[in-house]
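Below: the structure, in structure tokens.
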Amino acid sequence: MTELLTVDTLSKAYSGSGRQVTALDSVSLTIAAGETLGLVGASGSGKSTLSRALLRLLEPDSGSIRFEGQDWLALHGAELRRKRARMQMVFQDPLAAFNPLASVASVLDDPLRIHAIAVRKQRPAEIATLLERVGLPSAFASRPVRTLSGGQRQRVAIARAIATRPSLLVLDEAVSALDVTVRGRILELLIKLQRERGLAYLFISHDLAVVRAISHRIAVMDAGRIVEDGPSADVVNAPRSDAARRLIAAVPRLVTEPV
Ligand SMILES: Nc1ncnc2c1ncn2[C@@H]1O[C@H](COP(=O)(O)OP(=O)(O)OP(=O)(O)O)[C@@H](O)[C@H]1O
Ligand SMILES: [Mg+2]
């Protein structure tokens with residue numbers, strides 16, 4: 001498989017109120033094109049800090065990121081804005097940041113316009129196609145965001161994220177707020193989109209059961225470090241780190257047979 005993302009010894013410390021927190025401590029990982037890397041870890045282990053660093057929402061203190069063959073941290077200004085189309089994010093209820101009166105169409109129109117994916121005349125058709133791709137009727141375009149259920153909002157958020165034709169989606173607790181049934185459907189949608197479009201995912205959650213359901217490989221974070229990384233089945237069935245064992249113990253249904 002072709003390597004899409006390579007993170008090498010990325011570090012980030014937050015300082016404030018007199019103390020320093022090492023949120024990322026020499027984090028290295030890779031994601032191949034079309035692959036899902038699950039990232040699990042307890043609350044505060046540094047997962048969101050890593051996602052924000054990848055998305056260039058915060059500057060790491062040291063280390064490097066290669067994305068699509070480019071030195072990702074060296075991109076700035078217009079070049080960075082252009083390349084951002086290729087790496088998009090979905091987090092917990094991103095539509096909450098929008099004006100609740102905004103229509104689904106306007107939420108989806110922004111990325112199409114900003115990244116010049118489609119000219120004005122073609123955008124309604126493109127929006128209908130995006131909605132269909134995420135399993136929503138095209139009539140949803142005129143619905144105000146506030147009238148959507150949590151699952152429908154997350155479908156729109158995914159449509160928005162794929163609008164710019166990314167190769168990588170960073171999903172940070174993207175299904176965590178959804179109930180179990182809706183969560184399962186969203187995971188199915190993500191798997192379908194991955195098959196259709198060769199998308200790669202960095203799928204972040206504190207819930208190992210959810211991560212296992214979608215990931216080819218799993219990386220385990222603890223106190224800013226990746227303490228374990230391997231094929232999903234290996235990490236779940238034969239964990240090598242205390243952090244992985246703690247996460248497994250937190251999910252009773254993952255424990256198969258008593259030994
Ligand atoms: N802006 C900030 N300023 C200071 N410290 C921060 C900031 N953001 C995060 N931290 C600290 O950095 C560490 C990692 O936080 P981060 O949000 O990356 O963890 P996380 O794994 O995403 O946790 P969760 O599962 O709760 O989302 C924590 O100790 C957190 O308190
Ligand atoms: Mg987080």
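Chain labels run A, B, ... following the order of the structure tokens; each chain numbers its residues from 1, and ligands are numbered from 1 in the order shown.
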For Ala78 of chain A: contacts at 12 Å, only C-alpha atoms, fewer than 4 positions along chain excluded, given as a short mmCIF file (atom, residue, chain, number, x, y, z; two decimals) with N, CA, C and O atoms, in the first residue's frame:
data_model
loop_
_atom_site.label_atom_id
_atom_site.label_comp_id
_atom_site.auth_asym_id
_atom_site.auth_seq_id
_atom_site.Cartn_x
_atom_site.Cartn_y
_atom_site.Cartn_z
N ARG A 82 -5.16 25.47 -0.10
CA ARG A 82 -5.48 24.61 -1.24
C ARG A 82 -5.34 23.14 -0.86
O ARG A 82 -6.21 22.32 -1.13
N LYS A 83 -4.26 22.81 -0.18
CA LYS A 83 -4.00 21.41 0.16
C LYS A 83 -4.91 20.88 1.27
O LYS A 83 -5.08 19.67 1.41
N ARG A 84 -5.48 21.79 2.07
CA ARG A 84 -6.38 21.38 3.14
C ARG A 84 -7.57 20.57 2.60
O ARG A 84 -8.18 19.79 3.33
N ALA A 85 -7.90 20.79 1.34
CA ALA A 85 -8.99 20.03 0.73
C ALA A 85 -8.75 18.54 0.85
O ALA A 85 -9.70 17.75 0.94
N ILE A 114 -15.46 27.42 -1.68
CA ILE A 114 -14.14 27.84 -1.22
C ILE A 114 -13.03 27.08 -1.96
O ILE A 114 -12.01 27.65 -2.32
N HIS A 115 -13.26 25.80 -2.19
CA HIS A 115 -12.22 25.01 -2.87
C HIS A 115 -12.48 24.89 -4.37
O HIS A 115 -11.84 24.07 -5.04
#
* **Ile204 of chain A environment, 6 Å, only C-alpha atoms, sequence neighbours closer than 3 positions dropped, as a count of residues only** => 5
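Residue nearest Leu169 of chain A within the list A:Ser11, A:Ser51, A:Thr30, A:Ser43: A:Ser51 [criterion: smallest interatomic distance, only C-alpha atoms].
The nearest approach to Asp242 of chain A among the residues A:Ala42, A:Ile191, A:Leu50, A:Ala128, with only C-alpha atoms taken into account, belongs to A:Ala42.
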Can you tell me which residues come within 10 Å of ligand 1 when counting only C-alpha atoms and all ligand atoms, ideally as a PDB file with all heavy atoms, in the first residue's frame?
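Produced file selection-v2.pdb, reproduced below:
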ATOM      1  N   LYS A  12       4.463  18.001  21.488  1.00  0.00           N
ATOM      2  CA  LYS A  12       3.783  19.271  21.788  1.00  0.00           C
ATOM      3  C   LYS A  12       3.549  19.361  23.295  1.00  0.00           C
ATOM      4  O   LYS A  12       3.008  18.434  23.898  1.00  0.00           O
ATOM      5  CB  LYS A  12       2.428  19.324  21.061  1.00  0.00           C
ATOM      6  CG  LYS A  12       1.518  20.465  21.470  1.00  0.00           C
ATOM      7  CD  LYS A  12       2.002  21.784  20.907  1.00  0.00           C
ATOM      8  CE  LYS A  12       1.201  22.955  21.489  1.00  0.00           C
ATOM      9  NZ  LYS A  12       1.734  24.245  21.011  1.00  0.00           N
ATOM     10  N   ALA A  13       3.980  20.458  23.875  1.00  0.00           N
ATOM     11  CA  ALA A  13       3.703  20.696  25.294  1.00  0.00           C
ATOM     12  C   ALA A  13       2.857  21.953  25.416  1.00  0.00           C
ATOM     13  O   ALA A  13       3.059  22.916  24.678  1.00  0.00           O
ATOM     14  CB  ALA A  13       5.008  20.861  26.069  1.00  0.00           C
ATOM     15  N   TYR A  14       1.889  21.909  26.297  1.00  0.00           N
ATOM     16  CA  TYR A  14       1.105  23.102  26.614  1.00  0.00           C
ATOM     17  C   TYR A  14       1.673  23.688  27.889  1.00  0.00           C
ATOM     18  O   TYR A  14       1.919  22.949  28.840  1.00  0.00           O
ATOM     19  CB  TYR A  14      -0.361  22.759  26.880  1.00  0.00           C
ATOM     20  CG  TYR A  14      -1.139  22.197  25.715  1.00  0.00           C
ATOM     21  CD1 TYR A  14      -1.492  20.849  25.685  1.00  0.00           C
ATOM     22  CD2 TYR A  14      -1.568  23.006  24.670  1.00  0.00           C
ATOM     23  CE1 TYR A  14      -2.248  20.327  24.645  1.00  0.00           C
ATOM     24  CE2 TYR A  14      -2.326  22.493  23.622  1.00  0.00           C
ATOM     25  CZ  TYR A  14      -2.665  21.151  23.616  1.00  0.00           C
ATOM     26  OH  TYR A  14      -3.405  20.633  22.588  1.00  0.00           O
ATOM     27  N   SER A  15       1.858  24.992  27.903  1.00  0.00           N
ATOM     28  CA  SER A  15       2.247  25.590  29.174  1.00  0.00           C
ATOM     29  C   SER A  15       1.196  26.622  29.546  1.00  0.00           C
ATOM     30  O   SER A  15       0.588  27.251  28.694  1.00  0.00           O
ATOM     31  CB  SER A  15       3.625  26.222  29.072  1.00  0.00           C
ATOM     32  OG  SER A  15       3.722  26.949  27.874  1.00  0.00           O
ATOM     33  N   GLY A  16       0.966  26.757  30.793  1.00  0.00           N
ATOM     34  CA  GLY A  16      -0.038  27.689  31.274  1.00  0.00           C
ATOM     35  C   GLY A  16      -0.252  27.450  32.742  1.00  0.00           C
ATOM     36  O   GLY A  16      -0.026  26.342  33.213  1.00  0.00           O
ATOM     37  N   SER A  17      -0.661  28.470  33.431  1.00  0.00           N
ATOM     38  CA  SER A  17      -0.886  28.448  34.880  1.00  0.00           C
ATOM     39  C   SER A  17       0.250  27.720  35.612  1.00  0.00           C
ATOM     40  O   SER A  17       0.017  26.878  36.473  1.00  0.00           O
ATOM     41  CB  SER A  17      -2.254  27.831  35.219  1.00  0.00           C
ATOM     42  OG  SER A  17      -2.348  26.506  34.764  1.00  0.00           O
ATOM     43  N   ARG A  19       2.299  25.362  35.002  1.00  0.00           N
ATOM     44  CA  ARG A  19       2.774  23.996  34.807  1.00  0.00           C
ATOM     45  C   ARG A  19       2.732  23.619  33.327  1.00  0.00           C
ATOM     46  O   ARG A  19       1.981  24.192  32.540  1.00  0.00           O
ATOM     47  CB  ARG A  19       1.987  22.986  35.647  1.00  0.00           C
ATOM     48  CG  ARG A  19       0.514  23.008  35.340  1.00  0.00           C
ATOM     49  CD  ARG A  19      -0.273  22.091  36.227  1.00  0.00           C
ATOM     50  NE  ARG A  19      -1.478  21.697  35.511  1.00  0.00           N
ATOM     51  CZ  ARG A  19      -1.728  20.471  35.082  1.00  0.00           C
ATOM     52  NH1 ARG A  19      -0.900  19.491  35.325  1.00  0.00           N
ATOM     53  NH2 ARG A  19      -2.844  20.215  34.415  1.00  0.00           N
ATOM     54  N   GLN A  20       3.533  22.647  32.991  1.00  0.00           N
ATOM     55  CA  GLN A  20       3.671  22.230  31.611  1.00  0.00           C
ATOM     56  C   GLN A  20       3.047  20.830  31.423  1.00  0.00           C
ATOM     57  O   GLN A  20       3.272  19.941  32.237  1.00  0.00           O
ATOM     58  CB  GLN A  20       5.164  22.188  31.261  1.00  0.00           C
ATOM     59  CG  GLN A  20       5.448  21.774  29.844  1.00  0.00           C
ATOM     60  CD  GLN A  20       6.427  22.746  29.179  1.00  0.00           C
ATOM     61  OE1 GLN A  20       6.430  23.939  29.460  1.00  0.00           O
ATOM     62  NE2 GLN A  20       7.266  22.238  28.302  1.00  0.00           N
ATOM     63  N   VAL A  21       2.247  20.666  30.376  1.00  0.00           N
ATOM     64  CA  VAL A  21       1.655  19.357  30.076  1.00  0.00           C
ATOM     65  C   VAL A  21       2.216  18.872  28.750  1.00  0.00           C
ATOM     66  O   VAL A  21       2.094  19.559  27.742  1.00  0.00           O
ATOM     67  CB  VAL A  21       0.111  19.446  29.958  1.00  0.00           C
ATOM     68  CG1 VAL A  21      -0.474  18.097  29.568  1.00  0.00           C
ATOM     69  CG2 VAL A  21      -0.504  19.946  31.253  1.00  0.00           C
ATOM     70  N   THR A  22       2.874  17.720  28.774  1.00  0.00           N
ATOM     71  CA  THR A  22       3.355  17.141  27.524  1.00  0.00           C
ATOM     72  C   THR A  22       2.204  16.361  26.896  1.00  0.00           C
ATOM     73  O   THR A  22       1.904  15.244  27.301  1.00  0.00           O
ATOM     74  CB  THR A  22       4.551  16.204  27.769  1.00  0.00           C
ATOM     75  OG1 THR A  22       5.534  16.949  28.483  1.00  0.00           O
ATOM     76  CG2 THR A  22       5.148  15.703  26.458  1.00  0.00           C
ATOM     77  N   ALA A  23       1.542  16.974  25.922  1.00  0.00           N
ATOM     78  CA  ALA A  23       0.361  16.346  25.316  1.00  0.00           C
ATOM     79  C   ALA A  23       0.763  15.355  24.231  1.00  0.00           C
ATOM     80  O   ALA A  23       0.085  14.357  24.008  1.00  0.00           O
ATOM     81  CB  ALA A  23      -0.565  17.414  24.750  1.00  0.00           C
ATOM     82  N   LEU A  24       1.860  15.645  23.528  1.00  0.00           N
ATOM     83  CA  LEU A  24       2.397  14.709  22.533  1.00  0.00           C
ATOM     84  C   LEU A  24       3.870  14.518  22.832  1.00  0.00           C
ATOM     85  O   LEU A  24       4.630  15.485  22.906  1.00  0.00           O
ATOM     86  CB  LEU A  24       2.254  15.264  21.103  1.00  0.00           C
ATOM     87  CG  LEU A  24       0.848  15.490  20.562  1.00  0.00           C
ATOM     88  CD1 LEU A  24       0.920  16.052  19.141  1.00  0.00           C
ATOM     89  CD2 LEU A  24       0.040  14.189  20.578  1.00  0.00           C
ATOM     90  N   LEU A  39      -7.212   5.237  16.644  1.00  0.00           N
ATOM     91  CA  LEU A  39      -6.375   5.783  17.716  1.00  0.00           C
ATOM     92  C   LEU A  39      -7.215   5.804  18.986  1.00  0.00           C
ATOM     93  O   LEU A  39      -8.234   6.493  19.045  1.00  0.00           O
ATOM     94  CB  LEU A  39      -5.912   7.193  17.348  1.00  0.00           C
ATOM     95  CG  LEU A  39      -4.968   7.874  18.337  1.00  0.00           C
ATOM     96  CD1 LEU A  39      -3.629   7.150  18.412  1.00  0.00           C
ATOM     97  CD2 LEU A  39      -4.757   9.339  17.940  1.00  0.00           C
ATOM     98  N   VAL A  40      -6.799   4.994  19.963  1.00  0.00           N
ATOM     99  CA  VAL A  40      -7.528   4.940  21.236  1.00  0.00           C
ATOM    100  C   VAL A  40      -6.630   5.414  22.358  1.00  0.00           C
ATOM    101  O   VAL A  40      -5.395   5.361  22.265  1.00  0.00           O
ATOM    102  CB  VAL A  40      -7.996   3.516  21.623  1.00  0.00           C
ATOM    103  CG1 VAL A  40      -9.282   3.146  20.941  1.00  0.00           C
ATOM    104  CG2 VAL A  40      -6.936   2.478  21.421  1.00  0.00           C
ATOM    105  N   GLY A  41      -7.259   5.818  23.427  1.00  0.00           N
ATOM    106  CA  GLY A  41      -6.503   6.242  24.592  1.00  0.00           C
ATOM    107  C   GLY A  41      -7.461   6.865  25.579  1.00  0.00           C
ATOM    108  O   GLY A  41      -8.517   7.373  25.185  1.00  0.00           O
ATOM    109  N   ALA A  42      -7.080   6.837  26.827  1.00  0.00           N
ATOM    110  CA  ALA A  42      -7.925   7.416  27.874  1.00  0.00           C
ATOM    111  C   ALA A  42      -8.055   8.914  27.665  1.00  0.00           C
ATOM    112  O   ALA A  42      -7.277   9.524  26.919  1.00  0.00           O
ATOM    113  CB  ALA A  42      -7.305   7.115  29.236  1.00  0.00           C
ATOM    114  N   SER A  43      -9.009   9.512  28.326  1.00  0.00           N
ATOM    115  CA  SER A  43      -9.198  10.952  28.275  1.00  0.00           C
ATOM    116  C   SER A  43      -7.913  11.656  28.707  1.00  0.00           C
ATOM    117  O   SER A  43      -7.300  11.288  29.702  1.00  0.00           O
ATOM    118  CB  SER A  43     -10.353  11.336  29.199  1.00  0.00           C
ATOM    119  OG  SER A  43     -10.601  12.707  29.097  1.00  0.00           O
ATOM    120  N   GLY A  44      -7.487  12.637  27.901  1.00  0.00           N
ATOM    121  CA  GLY A  44      -6.287  13.401  28.231  1.00  0.00           C
ATOM    122  C   GLY A  44      -5.001  12.779  27.722  1.00  0.00           C
ATOM    123  O   GLY A  44      -3.914  13.292  27.984  1.00  0.00           O
ATOM    124  N   SER A  45      -5.096  11.674  26.960  1.00  0.00           N
ATOM    125  CA  SER A  45      -3.867  11.006  26.500  1.00  0.00           C
ATOM    126  C   SER A  45      -3.231  11.724  25.314  1.00  0.00           C
ATOM    127  O   SER A  45      -2.104  11.410  24.931  1.00  0.00           O
ATOM    128  CB  SER A  45      -4.159   9.539  26.157  1.00  0.00           C
ATOM    129  OG  SER A  45      -5.161   9.428  25.183  1.00  0.00           O
ATOM    130  N   GLY A  46      -3.943  12.683  24.699  1.00  0.00           N
ATOM    131  CA  GLY A  46      -3.333  13.487  23.648  1.00  0.00           C
ATOM    132  C   GLY A  46      -3.923  13.287  22.256  1.00  0.00           C
ATOM    133  O   GLY A  46      -3.409  13.836  21.275  1.00  0.00           O
ATOM    134  N   LYS A  47      -5.019  12.543  22.166  1.00  0.00           N
ATOM    135  CA  LYS A  47      -5.593  12.226  20.859  1.00  0.00           C
ATOM    136  C   LYS A  47      -6.025  13.469  20.081  1.00  0.00           C
ATOM    137  O   LYS A  47      -5.707  13.621  18.902  1.00  0.00           O
ATOM    138  CB  LYS A  47      -6.799  11.278  21.039  1.00  0.00           C
ATOM    139  CG  LYS A  47      -6.487  10.025  21.838  1.00  0.00           C
ATOM    140  CD  LYS A  47      -7.696   9.123  22.013  1.00  0.00           C
ATOM    141  CE  LYS A  47      -8.873   9.735  22.730  1.00  0.00           C
ATOM    142  NZ  LYS A  47      -8.640  10.070  24.158  1.00  0.00           N
ATOM    143  N   SER A  48      -6.761  14.350  20.742  1.00  0.00           N
ATOM    144  CA  SER A  48      -7.240  15.545  20.032  1.00  0.00           C
ATOM    145  C   SER A  48      -6.097  16.503  19.715  1.00  0.00           C
ATOM    146  O   SER A  48      -6.128  17.200  18.695  1.00  0.00           O
ATOM    147  CB  SER A  48      -8.315  16.264  20.853  1.00  0.00           C
ATOM    148  OG  SER A  48      -9.454  15.451  20.942  1.00  0.00           O
ATOM    149  N   THR A  49      -5.097  16.519  20.563  1.00  0.00           N
ATOM    150  CA  THR A  49      -3.923  17.351  20.267  1.00  0.00           C
ATOM    151  C   THR A  49      -3.272  16.855  18.976  1.00  0.00           C
ATOM    152  O   THR A  49      -2.895  17.655  18.108  1.00  0.00           O
ATOM    153  CB  THR A  49      -2.920  17.303  21.433  1.00  0.00           C
ATOM    154  OG1 THR A  49      -3.578  17.775  22.617  1.00  0.00           O
ATOM    155  CG2 THR A  49      -1.697  18.161  21.152  1.00  0.00           C
ATOM    156  N   LEU A  50      -3.171  15.546  18.827  1.00  0.00           N
ATOM    157  CA  LEU A  50      -2.608  14.992  17.596  1.00  0.00           C
ATOM    158  C   LEU A  50      -3.484  15.359  16.400  1.00  0.00           C
ATOM    159  O   LEU A  50      -2.970  15.783  15.354  1.00  0.00           O
ATOM    160  CB  LEU A  50      -2.473  13.462  17.710  1.00  0.00           C
ATOM    161  CG  LEU A  50      -1.967  12.771  16.459  1.00  0.00           C
ATOM    162  CD1 LEU A  50      -0.561  13.243  16.090  1.00  0.00           C
ATOM    163  CD2 LEU A  50      -1.977  11.245  16.622  1.00  0.00           C
ATOM    164  N   SER A  51      -4.804  15.235  16.542  1.00  0.00           N
ATOM    165  CA  SER A  51      -5.665  15.550  15.401  1.00  0.00           C
ATOM    166  C   SER A  51      -5.539  17.031  15.041  1.00  0.00           C
ATOM    167  O   SER A  51      -5.482  17.375  13.861  1.00  0.00           O
ATOM    168  CB  SER A  51      -7.111  15.124  15.661  1.00  0.00           C
ATOM    169  OG  SER A  51      -7.758  15.973  16.559  1.00  0.00           O
ATOM    170  N   ARG A  52      -5.453  17.894  16.040  1.00  0.00           N
ATOM    171  CA  ARG A  52      -5.326  19.330  15.741  1.00  0.00           C
ATOM    172  C   ARG A  52      -3.987  19.650  15.082  1.00  0.00           C
ATOM    173  O   ARG A  52      -3.911  20.517  14.211  1.00  0.00           O
ATOM    174  CB  ARG A  52      -5.535  20.165  17.003  1.00  0.00           C
ATOM    175  CG  ARG A  52      -7.003  20.201  17.437  1.00  0.00           C
ATOM    176  CD  ARG A  52      -7.294  21.370  18.356  1.00  0.00           C
ATOM    177  NE  ARG A  52      -6.669  21.201  19.654  1.00  0.00           N
ATOM    178  CZ  ARG A  52      -7.239  20.564  20.683  1.00  0.00           C
ATOM    179  NH1 ARG A  52      -8.436  20.026  20.552  1.00  0.00           N
ATOM    180  NH2 ARG A  52      -6.613  20.457  21.830  1.00  0.00           N
ATOM    181  N   ALA A  53      -2.946  18.942  15.485  1.00  0.00           N
ATOM    182  CA  ALA A  53      -1.634  19.161  14.860  1.00  0.00           C
ATOM    183  C   ALA A  53      -1.670  18.709  13.392  1.00  0.00           C
ATOM    184  O   ALA A  53      -1.143  19.390  12.514  1.00  0.00           O
ATOM    185  CB  ALA A  53      -0.544  18.422  15.628  1.00  0.00           C
ATOM    186  N   LEU A  58      -2.935  23.566  15.333  1.00  0.00           N
ATOM    187  CA  LEU A  58      -1.919  23.990  16.296  1.00  0.00           C
ATOM    188  C   LEU A  58      -0.560  23.540  15.800  1.00  0.00           C
ATOM    189  O   LEU A  58      -0.449  22.556  15.076  1.00  0.00           O
ATOM    190  CB  LEU A  58      -2.219  23.476  17.712  1.00  0.00           C
ATOM    191  CG  LEU A  58      -2.149  21.999  18.068  1.00  0.00           C
ATOM    192  CD1 LEU A  58      -0.714  21.533  18.272  1.00  0.00           C
ATOM    193  CD2 LEU A  58      -2.934  21.776  19.353  1.00  0.00           C
ATOM    194  N   ASP A 172     -12.486  12.645  14.937  1.00  0.00           N
ATOM    195  CA  ASP A 172     -12.162  12.723  16.373  1.00  0.00           C
ATOM    196  C   ASP A 172     -13.457  12.616  17.172  1.00  0.00           C
ATOM    197  O   ASP A 172     -14.219  13.574  17.248  1.00  0.00           O
ATOM    198  CB  ASP A 172     -11.428  14.029  16.665  1.00  0.00           C
ATOM    199  CG  ASP A 172     -10.856  14.077  18.085  1.00  0.00           C
ATOM    200  OD1 ASP A 172     -11.180  13.190  18.899  1.00  0.00           O
ATOM    201  OD2 ASP A 172     -10.099  15.019  18.376  1.00  0.00           O
ATOM    202  N   GLU A 173     -13.695  11.464  17.758  1.00  0.00           N
ATOM    203  CA  GLU A 173     -14.919  11.184  18.530  1.00  0.00           C
ATOM    204  C   GLU A 173     -16.157  11.474  17.675  1.00  0.00           C
ATOM    205  O   GLU A 173     -17.174  11.969  18.162  1.00  0.00           O
ATOM    206  CB  GLU A 173     -14.966  11.998  19.828  1.00  0.00           C
ATOM    207  CG  GLU A 173     -13.738  11.853  20.731  1.00  0.00           C
ATOM    208  CD  GLU A 173     -13.666  10.517  21.486  1.00  0.00           C
ATOM    209  OE1 GLU A 173     -14.570   9.670  21.305  1.00  0.00           O
ATOM    210  OE2 GLU A 173     -12.689  10.314  22.236  1.00  0.00           O
ATOM    211  N   ILE A 204     -10.449   8.348  15.716  1.00  0.00           N
ATOM    212  CA  ILE A 204     -10.076   8.559  17.109  1.00  0.00           C
ATOM    213  C   ILE A 204     -11.270   8.353  18.026  1.00  0.00           C
ATOM    214  O   ILE A 204     -12.349   8.907  17.785  1.00  0.00           O
ATOM    215  CB  ILE A 204      -9.550  10.004  17.296  1.00  0.00           C
ATOM    216  CG1 ILE A 204      -8.327  10.243  16.419  1.00  0.00           C
ATOM    217  CG2 ILE A 204      -9.255  10.278  18.769  1.00  0.00           C
ATOM    218  CD1 ILE A 204      -7.844  11.681  16.401  1.00  0.00           C
ATOM    219  N   SER A 205     -11.072   7.561  19.057  1.00  0.00           N
ATOM    220  CA  SER A 205     -12.124   7.391  20.058  1.00  0.00           C
ATOM    221  C   SER A 205     -11.512   6.895  21.352  1.00  0.00           C
ATOM    222  O   SER A 205     -10.450   6.279  21.351  1.00  0.00           O
ATOM    223  CB  SER A 205     -13.166   6.393  19.555  1.00  0.00           C
ATOM    224  OG  SER A 205     -14.134   6.142  20.560  1.00  0.00           O
ATOM    225  N   HIS A 206     -12.194   7.170  22.465  1.00  0.00           N
ATOM    226  CA  HIS A 206     -11.747   6.588  23.725  1.00  0.00           C
ATOM    227  C   HIS A 206     -12.338   5.195  23.891  1.00  0.00           C
ATOM    228  O   HIS A 206     -12.013   4.491  24.823  1.00  0.00           O
ATOM    229  CB  HIS A 206     -12.160   7.502  24.887  1.00  0.00           C
ATOM    230  CG  HIS A 206     -13.643   7.673  24.965  1.00  0.00           C
ATOM    231  ND1 HIS A 206     -14.313   8.608  24.212  1.00  0.00           N
ATOM    232  CD2 HIS A 206     -14.579   6.993  25.642  1.00  0.00           C
ATOM    233  CE1 HIS A 206     -15.606   8.493  24.442  1.00  0.00           C
ATOM    234  NE2 HIS A 206     -15.804   7.522  25.314  1.00  0.00           N
ATOM    235  N   ASP A 207     -13.239   4.803  22.957  1.00  0.00           N
ATOM    236  CA  ASP A 207     -13.981   3.543  23.064  1.00  0.00           C
ATOM    237  C   ASP A 207     -13.356   2.492  22.127  1.00  0.00           C
ATOM    238  O   ASP A 207     -13.507   2.551  20.914  1.00  0.00           O
ATOM    239  CB  ASP A 207     -15.443   3.809  22.692  1.00  0.00           C
ATOM    240  CG  ASP A 207     -16.322   2.579  22.868  1.00  0.00           C
ATOM    241  OD1 ASP A 207     -15.792   1.438  22.832  1.00  0.00           O
ATOM    242  OD2 ASP A 207     -17.535   2.748  23.025  1.00  0.00           O
ATOM    243  N   MET A 221      -2.723   5.256  22.660  1.00  0.00           N
ATOM    244  CA  MET A 221      -2.015   6.406  23.253  1.00  0.00           C
ATOM    245  C   MET A 221      -2.163   6.412  24.757  1.00  0.00           C
ATOM    246  O   MET A 221      -3.218   6.082  25.290  1.00  0.00           O
ATOM    247  CB  MET A 221      -2.589   7.718  22.711  1.00  0.00           C
ATOM    248  CG  MET A 221      -1.775   8.306  21.585  1.00  0.00           C
ATOM    249  SD  MET A 221      -2.325   9.966  21.184  1.00  0.00           S
ATOM    250  CE  MET A 221      -0.895  10.874  21.723  1.00  0.00           C
ATOM    251  N   ASP A 222      -1.090   6.797  25.418  1.00  0.00           N
ATOM    252  CA  ASP A 222      -1.109   6.930  26.868  1.00  0.00           C
ATOM    253  C   ASP A 222      -0.150   8.054  27.238  1.00  0.00           C
ATOM    254  O   ASP A 222       1.024   8.009  26.862  1.00  0.00           O
ATOM    255  CB  ASP A 222      -0.679   5.604  27.519  1.00  0.00           C
ATOM    256  CG  ASP A 222      -0.773   5.644  29.033  1.00  0.00           C
ATOM    257  OD1 ASP A 222      -1.715   6.272  29.550  1.00  0.00           O
ATOM    258  OD2 ASP A 222       0.099   5.064  29.697  1.00  0.00           O
ATOM    259  N   ALA A 223      -0.663   9.048  27.932  1.00  0.00           N
ATOM    260  CA  ALA A 223       0.156  10.174  28.385  1.00  0.00           C
ATOM    261  C   ALA A 223       1.046  10.736  27.267  1.00  0.00           C
ATOM    262  O   ALA A 223       2.244  10.943  27.445  1.00  0.00           O
ATOM    263  CB  ALA A 223       1.010   9.748  29.585  1.00  0.00           C
ATOM    264  N   GLY A 224       0.446  10.960  26.091  1.00  0.00           N
ATOM    265  CA  GLY A 224       1.159  11.620  25.007  1.00  0.00           C
ATOM    266  C   GLY A 224       2.017  10.726  24.132  1.00  0.00           C
ATOM    267  O   GLY A 224       2.612  11.186  23.162  1.00  0.00           O
TER     268      GLY A 224
END
* Determine, counting only C-alpha atoms, which protein, DNA and RNA residues have an atom within 10 Å of an atom of Trp72 of chain A; residues of the same chain fewer than 5 positions away are not included. Present the result as a PyMOL selection string. => chain A and resi 5-7+54-56+64-67+80+83-84
Can I get the selection written as a PDB file, in the first residue's frame, with C-alpha atoms?
ATOM      1  CA  LEU A   5       0.606  10.080   6.034  1.00  0.00           C
ATOM      2  CA  THR A   6       3.810   9.758   8.027  1.00  0.00           C
ATOM      3  CA  VAL A   7       4.081  11.382  11.428  1.00  0.00           C
ATOM      4  CA  LEU A  54      -2.421  17.078  11.758  1.00  0.00           C
ATOM      5  CA  LEU A  55      -5.053  19.554  10.655  1.00  0.00           C
ATOM      6  CA  ARG A  56      -2.626  22.433  11.237  1.00  0.00           C
ATOM      7  CA  SER A  64       7.567  16.230  11.130  1.00  0.00           C
ATOM      8  CA  ILE A  65       4.455  15.343   9.146  1.00  0.00           C
ATOM      9  CA  ARG A  66       4.517  14.123   5.555  1.00  0.00           C
ATOM     10  CA  PHE A  67       1.177  14.051   3.777  1.00  0.00           C
ATOM     11  CA  LEU A  80      -1.916  25.299   2.740  1.00  0.00           C
ATOM     12  CA  LYS A  83      -3.995  21.409   0.161  1.00  0.00           C
ATOM     13  CA  ARG A  84      -6.384  21.378   3.137  1.00  0.00           C
TER      14      ARG A  84
END
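In this structure, atom CA of Glu35 of chain A sits 16.7 Å away from atom CA of Asp234 of chain A.
Nearest residue to Gly150 of chain A among A:Val227, A:Val170, A:Ala96, A:Ile162 is A:Ala96, counting only C-alpha atoms.
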* Expected answer as a PyMOL selection string: alpha helix (DSSP H) residues in segment 123-242 of chain A -> chain A and resi 123-133+150-162+180-197+208-214+232-237+242
* **Contact residues around segment 228-231 of chain A with only C-alpha atoms at 6 Å, ignoring same-chain residues under 6 positions, as a ChimeraX atom specification** => /A:217-220
Let's have the selection written as an mmCIF file, in the first residue's frame, with C-alpha atoms.
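And here is the file that came out, part-v3.cif:
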data_model
loop_
_atom_site.group_PDB
_atom_site.id
_atom_site.type_symbol
_atom_site.label_atom_id
_atom_site.label_comp_id
_atom_site.auth_asym_id
_atom_site.auth_seq_id
_atom_site.Cartn_x
_atom_site.Cartn_y
_atom_site.Cartn_z
ATOM 1 C CA ARG A 217 -4.754 -1.169 12.661
ATOM 2 C CA ILE A 218 -4.981 0.333 16.120
ATOM 3 C CA ALA A 219 -2.569 2.653 17.884
ATOM 4 C CA VAL A 220 -2.894 3.080 21.638
#
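Across A:Val90, A:Val156, A:Leu208, A:Leu73, the tightest approach to Ser106 of chain A is made by A:Val156 when counting only C-alpha atoms.
Those residues that approach Glu188 of chain A to within 12 Å, counting only C-alpha atoms, are Val134, Gly135, Arg155, Val175, Thr181, Val182, Arg183, Gly184, Arg185, Ile191, Lys192, Leu193, Gln194, Arg195, Val210, Ala213 and Ile214 of chain A; same-chain residues fewer than 3 positions away are not listed.
The spacing separating atom CA of Leu189 of chain A from atom CA of Ile158 of chain A amounts to 9.3 Å.
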